[in-house]
Structures are given as structure tokens and as C-alpha cells.
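Have a look at the structure below before the remarks.
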Amino acid sequence: MIYTVTFNPAIDYIVHTGEIELGRVNRTKNEEIYFGGKGINVSMVLSELGIKSKAFGFVAGFTGKAIEEGVSSAGIETDFVHLDKGFSRINVKIKSSRETELNAQGPEISKEKIDELFRKLDEIQSGDTIVLAGSIPSSLPSDIYERAVVDATKDLLMNVLKYKPFLIKPNNFELGEMFGVELKSTDEIIEYARKLKEMGAVNVLVSMASDGAVLLDENDKTHICGVCEGKVKNSTGSGDSMV
């Protein structure tokens, strides 16, 4: 079984508008709502591929209930931890001439609820796969990702390297942030991806938006792939789909 963990699930509220005028009332052309967060997005893609998974994570309030019902209605088994206070976040993504996102922080998670999640994770058997992905609420410790396949950022990702994760997938900007540099070429991206391998990662996959992706595999071979031609309709969840 594949288990996905989303510490900070969200309702993605996507609005399509004309040119945004600051300080004035702007009206949408159309809206879309998706139930997600990175781990959930992975489960969604697996479901599309006919592969079963179970979604773990934390949900709270009326938005948490909507997320749980939405994921279940997509045919994905869920086993979320229900928080007593707060509500799961709503992320607003504005699609106009430029994409603008407003991502909320998420609810506070107590130690008791963290322990409840880890009791669920303790039931995972040898041969199962666990995917942890995405941001974490500020109430969670920064080392909570230290076992797994990881799609994370900065310190969250660096903290797991000592456990030799099978796959990590930063994007090119996140890779630069980890080492405090600005990466301007594919050769530089490969150089710093190799540093992550030297620090413990087995496979390093770096997404580069419109420039495609680079994979340094476990045999230290480099694979470079471009992108499909076409019009981008919605970039939300593209990195999660890659995982």
C-alpha cells in the first residue's frame, strides 16, 4: 500500500480574472475549487493511474470536513486526524495576466494530535511506501519529515538527507535556496543536485518549470527532459504530479 501524508491540507480556490486593479472591486470570470495539499495531490494522481493509496494528515473545522469528503468522493481512502480547534486552510490562487497566490498558514496542531498521527504511521508494514510532501504548519517541529520520500523545501529537506531517502524533488529555486546561491544554468543545477546526493539522497529530481527537469539517479547518471508543448491551463500540483 502507498500512504501519503499531508500535514497541511488545503482547499485551493482558483479564480480567473481580467487584469487586476489594486484598490478596486475586481470580478471573476470563473472559479474552480480543488481539494489538495501536496500529499493529497499525489494520491489524486495515483488514483488517476489506477493505483490505490491511503491519505493521512490533519483536518479541522468545516473546511477540513469538505477536504475529507472531497478526497473520499474521488475514490481515495482517508484516515485523517481531526483537530479540535481551528480550520483547514484555504489557498486563493488568482489567474490573471500573472499568477498570484495567497497561501494560508493552517491550524495549530497539538502534541497529542501529532502522536495520534504517528500511531497510524506505526501500522505501516515493510514493503509499504510512504510519501510526505508539502509545507507544515508553524506548530509542528521542523524535523517532522525525517523519514520518507520527500517533496519539501529548505531545512525540511536537508534534515532528511542523513536517512538516505530514496527520492527527493526540489525545484530549481528551492535547490538554490538550500545552498544560498542563484542557479542560472542546467550545469549549475546538476552540480548542486549532486551535492544533495553526496549528502545522502539516493535519487535527486529537480523540476525546472518551463525548462523541464533533471534527474540524477542512483547510478549517478544524469537524465534531462524537456516539457510537452501546449498551453498551460493550471500549474497547481504539477510538482506533486511529478512525485
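All residue names refer to the C-alpha cells as shown: chains lettered A, B, ... in order, residues numbered from 1 in each chain, ligands numbered from 1 in order.
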
(Q) List as a list in words the protein and nucleic acid residues near segment 120-127 of chain A, meaning an atom at most 10 Å away when only C-alpha atoms are counted, but skip any in the same chain fewer than 4 places from it. (A) Met1, Ile2, Tyr3, Val5, Phe56, Asp79, Phe80, Val81, Asp115 and Glu116 of chain A

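Between atom CA of Ser72 of chain A and atom CA of Val59 of chain A the interatomic distance comes to 13.4 Å.
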
Q) Skipping near chain neighbours, those fewer than 4 positions away, what residues fall within 12 Å of segment 88-93 of chain A using only C-alpha atoms, listed as a ChimeraX atom specification? A) /A:6-17,28,31-37,57-68,80-84,98-109,135-137,234-236

Q.
Quick check for you: according to DSSP on this backbone, which residues of segment 118-179 of chain A are classed as strand (DSSP E)? Reply as JSON, numbers by chain.
A. {"A": [129, 130, 131, 132, 133, 149, 150, 151, 167, 168]}

Neighbours of segment 182-193 of chain A within 7 Å (only C-alpha atoms; same-chain residues fewer than 2 positions away dropped), as an mmCIF file with N, CA, C and O atoms, in the first residue's frame?
```
data_model
loop_
_atom_site.group_PDB
_atom_site.id
_atom_site.type_symbol
_atom_site.label_atom_id
_atom_site.label_comp_id
_atom_site.auth_asym_id
_atom_site.auth_seq_id
_atom_site.Cartn_x
_atom_site.Cartn_y
_atom_site.Cartn_z
ATOM 1 N N ASN A 172 14.189 24.060 -9.023
ATOM 2 C CA ASN A 172 15.492 24.711 -9.169
ATOM 3 C C ASN A 172 15.672 25.902 -8.222
ATOM 4 O O ASN A 172 16.767 26.148 -7.716
ATOM 5 N N GLY A 176 18.518 26.142 -5.104
ATOM 6 C CA GLY A 176 19.409 27.275 -4.878
ATOM 7 C C GLY A 176 19.301 27.816 -3.465
ATOM 8 O O GLY A 176 20.313 28.163 -2.837
ATOM 9 N N LYS A 195 25.458 17.530 -5.020
ATOM 10 C CA LYS A 195 25.796 17.775 -3.610
ATOM 11 C C LYS A 195 24.769 17.109 -2.694
ATOM 12 O O LYS A 195 25.110 16.555 -1.641
ATOM 13 N N LEU A 196 23.485 17.153 -3.097
ATOM 14 C CA LEU A 196 22.440 16.502 -2.296
ATOM 15 C C LEU A 196 22.633 14.992 -2.280
ATOM 16 O O LEU A 196 22.395 14.333 -1.274
ATOM 17 N N LYS A 197 23.079 14.438 -3.419
ATOM 18 C CA LYS A 197 23.379 13.004 -3.445
ATOM 19 C C LYS A 197 24.544 12.685 -2.511
ATOM 20 O O LYS A 197 24.523 11.689 -1.787
ATOM 21 N N VAL A 204 17.913 12.278 -6.999
ATOM 22 C CA VAL A 204 17.552 13.698 -6.902
ATOM 23 C C VAL A 204 16.883 14.122 -8.202
ATOM 24 O O VAL A 204 17.481 14.043 -9.282
#
```
